[in-house]
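Here the structure is laid out as structure tokens; the discussion comes afterwards.
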Amino acid sequence: MDRDLRQSPLFQEIETFYRNALEPGFGRATDFGNPAPSPDGQWVVAGAQVRTSLTGPGQQRLVLAAVDGSGSRLITNGPGDDQSPQWSPDGTRLTFVSDRLSAGRFQLYELRLDQVGEAVALSTVPGVVEHHRWSVDGRRILLVVAGEGAEQADALGSGTLGSPDDLPAWMPEVVSSDSDDEWRSLWILDVESGVVRRVSREGLNVWEACWVGEGSAAAIISEAPGEGAWYHSPLAVIDLATGQERVLYRSEVQLGYAEGSADGRTIAVLQAVCSDRYIVVGDLLLVDVASGAVRTVDTSGVDISCAVWAPDGSMTIAGTAGLDSVVLSVNPEGRADELFRTSEGLGTFNPEATPVPGGFVAAISSARRPPALVSVVHGIERELVSGRHDGHETLRSAWGSMEPVAWTAPDGWAMEGLLATPAGPGPYALLVAVHGGPVGQFLDWWPSTFTQLLLARGYAIFSPNPRGSTGRGQAFAAAVVGDMGGADASDITSGIDSLVDAGVADPDRIGIFGGSYGGFMAAWLPAVDERFKAAVSLSPVTDWYSEHFGSSLIDWVGDFIGDRPENQGGAHHERSPVFAGDRLRTPTLLTAGLRDKATPPGQAIEHHRALVAQGVASDVVIYPLEGHGVSALEAEIDLATRTVAWFERFMPA
């Protein structure tokens with residue numbers, strides 16, 4: 001396959017598809033996340049994606065909407081990205097982070113909604129502001145500041161946070177065991193004076209933090225800055241006067257999204273088996289700040305991904321139960337009651353909802369509804385901001401349906417997933433999409449343009465949630481730990497069997513694609529099941545030995561592979577596609593981002609060479625400006641062209 005496809009008829013055809021799908025929405029808010037209601041519950045600000053061209057990842061802006069549905073408007077215009085809105089306790093100020101002065105170097109800005117004027121910088125700190133929280137009295141703001149050499153979570157694209165654009169092209173990248181710019185630290189901004197000071201001690205890494213009363217912060221901490229250290233990070237309370245921490249709770253799995261109650265007595269935190277920072281879906285714990293006593297909230301089988309305190313001491317929580325998105329209310333005594341359940345997807349990565357009087361606000365979408373920001377108050381749903389435009393109608397008219405499917409794994413476990421079909425009758429050429437993680441999930445969100453392109457070209461897409469997925473409890477999620485590519489592979493292949501038996505899938509035209517852990521599966525499953533005619537493996541792991549020491553996820557690999565690399569011939573060898581030898585028989589397209597630290601490009605290159613050594617067709621494509629996956633739209637269009645060409649070459653629809 002050529003390096004430059006831009007003049008090829010297929011590239012131009014797919015570029016036109018993307019243009020028809022996206023251009024009608026240029027200049028408008030088309031996707032939403034992180035809703036933040038005003039303290040009086042009358043307004044909500046949310047992050048919004050705005051595109052103006054078929055280049056780049058799109059701009060992040062803030063949209064303001066009335067909770068009663070009376071109107072909305074974009075309130076920021078960059079340049080750069082504006083994200084993570086927070087209201088001051090009196091509701092007169094809106095703060096957010098933006099990199100408008102220097103790409104990638106996010107700082108804190110303030111917008112006064114009761115005054116006319118542009119947002120102004122509140123402070124400049126050395127590094128990148130990742131998170132911020134107002135104190136209850138509105139006089140101070142907590143800042144979590146990452147050094148410019150700090151690793152980005154692979155869920156957000158991997159790489160490092162700071163921008164290298166002001167360095168000469170020849171400048172090397174340096175990885176050192178004692179680098180000072182890889183740490184995350186805790187700072188306090190005095191709102192009136194504008195003075196900022198660091199409060200966490202040297203040698204302490206602060207992944208996230210929130211207020212616990214006026215003199216302390218709850219934080220997820222580690223003694224090392226690397227991404228792998230997060231997987232064993234405890235919950236602690238940091239004294240803001242001395243900077244000293246007190247570990248409050250250590251978990252055998254992962255902790256995230258700590259939230260302190262307004263009275264400073266309780267910390268809500270999520271505990272879950274996790275494969276990615278920022279994707280924490282599991283149990284809701286309430287931790288007593290004074291004693292460290294921990295109790296688990298009974299959520300009736302819902303895996304929780306979001307928990308937000310309301311002013312009255314209750315909480316609004318959201319999560320998944322099977323393929324459903326669920327919102328619950330937790331009263332001050334800790335009893336959870338269901339407020340809302342839908343087969344549509346809430347949020348972006350995972351369901352999230354934020355309380356307003358009488359209900360909540362959330363982003364929502366599905367195969368039948370493009371992204372929207374909604375309120376649900378006293379049981380009545382109201383659309384506040386719609387991302388719908390004519391391009392969505394063009395997309396939706398090009399394919400058939402999206403439906404849930406269920407089947408039984410070989411060991412009797414009940415499985416479920418989603419099946420999207422093109423227009424017209426089956427049996428169809430079937431593409432199996434495998435989600436990342438492995439701890440992740442497919443929900444009925446509005447399909448990506450990439451997915452809808454494949455549907456429009458006649459492929460059915462099967463999106464299974466094998467063991468290791470969220471929404472089925474922690475035992476189900478943990479079943480993949482120590483068995484990656486084992487029983488979860490059988491879960492997927494038995495799902496394919498059920499679709500073939502039902503006459504939905506053509507047994508002679510079955511392919512597979514996926515990214516990250518899905519990329520591993522797209523390389524691994526063809527080595528254990530010979531029916532696959534083509535594979536596209538995006539940002540994959542293919543060699544667990546080199547992934548163990550060559551990636552930013554050394555701790556995760558050790559935990560999830562269930563073995564040590566020194567054990568020659570063990571799981572690192574047995575579950576590495578690159579060592580499959582003559583079982584490698586499926587034509588495979590592999591891609592990687594040059595800036596990816598989670599699954600470095602060597603993983604794709606190794607497998608490409610292993611395939612070629614077996615005489616199997618393979619291309620490897622390295623995107624020089626991308627990390628874990630692709631974010632720039634021009635790279636996505638190129639990737640879409642190569643993916644379509646690959647599948648149409650080896651298993652035409």
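Naming scheme: A, B, ... for chains in displayed order of the structure tokens; residues 1 onward per chain; ligands 1 onward as shown.
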
Item to complete: Find the spatial neighbours of A:Gln244, counting only C-alpha atoms, within a cut-off of 10 Å - ignore same-chain residues fewer than 2 positions away - and output them as a PyMOL selection string.
Response: chain A and resi 199-201+204+216+236-242+246

Same residues, N, CA and C atoms, output as a CSV table (one decimal), in the first residue's frame:
chain,number,residue,atom,x,y,z
A,199,VAL,N,1.7,22.7,47.7
A,199,VAL,CA,1.4,22.2,49.0
A,199,VAL,C,1.8,20.7,49.2
A,200,SER,N,1.9,19.9,48.1
A,200,SER,CA,2.4,18.5,48.3
A,200,SER,C,3.9,18.5,48.4
A,201,ARG,N,4.4,17.5,49.1
A,201,ARG,CA,5.9,17.4,49.3
A,201,ARG,C,6.6,16.9,48.1
A,204,LEU,N,6.3,13.1,46.2
A,204,LEU,CA,4.9,12.5,46.2
A,204,LEU,C,4.2,12.9,44.9
A,216,SER,N,-7.8,20.3,54.3
A,216,SER,CA,-7.3,19.1,53.8
A,216,SER,C,-7.8,18.8,52.4
A,236,ALA,N,-5.4,9.0,50.1
A,236,ALA,CA,-4.8,9.7,51.2
A,236,ALA,C,-5.4,11.0,51.5
A,237,VAL,N,-5.2,11.5,52.7
A,237,VAL,CA,-5.6,12.9,53.0
A,237,VAL,C,-4.3,13.7,53.2
A,238,ILE,N,-4.2,14.8,52.5
A,238,ILE,CA,-3.1,15.7,52.6
A,238,ILE,C,-3.4,16.9,53.4
A,239,ASP,N,-2.6,17.2,54.4
A,239,ASP,CA,-2.8,18.4,55.2
A,239,ASP,C,-2.2,19.6,54.4
A,240,LEU,N,-3.1,20.6,54.1
A,240,LEU,CA,-2.7,21.6,53.2
A,240,LEU,C,-1.7,22.6,53.8
A,241,ALA,N,-1.6,22.6,55.2
A,241,ALA,CA,-0.7,23.5,55.8
A,241,ALA,C,0.7,23.0,55.9
A,242,THR,N,0.8,21.6,56.1
A,242,THR,CA,2.1,21.0,56.2
A,242,THR,C,2.6,20.2,55.0
A,246,ARG,N,-1.6,11.4,55.0
A,246,ARG,CA,-2.0,10.3,55.8
A,246,ARG,C,-2.8,9.3,54.9

Discussion item. Report as a VMD selection string all protein, DNA and RNA residues lying within 8 Å of stretch 388-397 of chain A, evaluated on only C-alpha atoms, omitting residues in the same chain fewer than 3 positions from it.
Written reply: chain A and resid 20 to 25 30 370 to 372 400 449 452

Discussion item. Could you tell me how far atom CA of A:Gly424 sits from atom CA of A:Ala645, in Å to one decimal place?
Written reply: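 Taking atom CA of A:Ala645 and atom CA of A:Gly424, their separation equals 21.9 Å.
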
Practice prompt. Would you kindly return, as a ChimeraX atom specification, each protein, DNA or RNA residue with an atom no farther than 10 Å from any atom of A:Gly127, considering only C-alpha atoms and excluding same-chain residues fewer than 2 positions away?
Written response: /A:104-107,124-125,129-130,144-150,161-162,181-185

List every residue of stretch 362-459 of chain A that has an atom at most 12 Å from any atom of stretch 47-50 of chain A, and for each one report the closest atom pair and its distance in Å to one decimal, counting only C-alpha atoms, with rows sorted by chain and then by increasing residue number, as a Markdown table.
| residue | atom | partner | partner_atom | distance |
| --- | --- | --- | --- | --- |
| A:Ala362 | CA | A:Gly47 | CA | 11.4 |
| A:Ala363 | CA | A:Gly47 | CA | 10.0 |
| A:Pro371 | CA | A:Ala48 | CA | 10.3 |
| A:Ala372 | CA | A:Ala48 | CA | 10.1 |
| A:Leu373 | CA | A:Ala48 | CA | 9.7 |
| A:Val385 | CA | A:Ala48 | CA | 10.1 |
| A:Ser386 | CA | A:Ala48 | CA | 10.9 |
| A:Gly387 | CA | A:Ala48 | CA | 9.3 |

Discussion item. Ranking A:Arg3, A:Lys533, A:His572, A:His628 by minimum distance to A:Pro587 and counting only C-alpha atoms, which one comes first?
Written reply: A:Lys533

Worksheet item: With only C-alpha atoms as the atoms that count, which of A:Leu538, A:Ala310, A:Leu235, A:Val273 lies nearest to A:Ala258?
Response: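 Selected residue with least distance to A:Ala258: A:Leu235.
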
Practice prompt. List the neighbours of A:Ser469 out to 8 Å using only C-alpha atoms; skip same-chain residues closer than 2 positions along the sequence, and give me the result as a list in words.
Written response: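 Final neighbour list, sorted by chain and number: Pro438, Val439, Gly440, Gln441, Asn465, Pro466, Arg467, Gly471, Arg472, Phe476 and Ala477 of chain A.
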
Discussion item. So the first atom is atom CA of A:Glu636 and the second is atom CA of A:Arg61; what is the distance between them in Å, to one decimal place?
Written reply: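 Atom CA of A:Arg61 lies at a distance of 21.3 Å from atom CA of A:Glu636.
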
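Considering only C-alpha atoms, the residue among A:Ala217, A:Ile380, A:Leu590, A:Ile75 positioned nearest to A:Glu118 is A:Ile75.
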
Practice prompt. Quote the spacing between atom CA of A:Ala534 and atom CA of A:Val480 in Å to one decimal place.
Written response: 25.2 Å

Worksheet item: Which of these, A:Ala598, A:Leu94, A:Ala65, A:Leu143, has the shortest distance to A:Ser123 once you count only C-alpha atoms?
Response: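 Looking at the shortest contact to A:Ser123, the residue is A:Leu143.
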
Practice prompt. Go through A:Pro425, A:Pro85, A:Gly56, A:Pro39 one by one, measure the shortest atom-to-atom distance of each to A:His131 using only C-alpha atoms, and give the residue with the smallest value.
Written response: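 Closest to A:His131, using only C-alpha atoms: A:Pro85.
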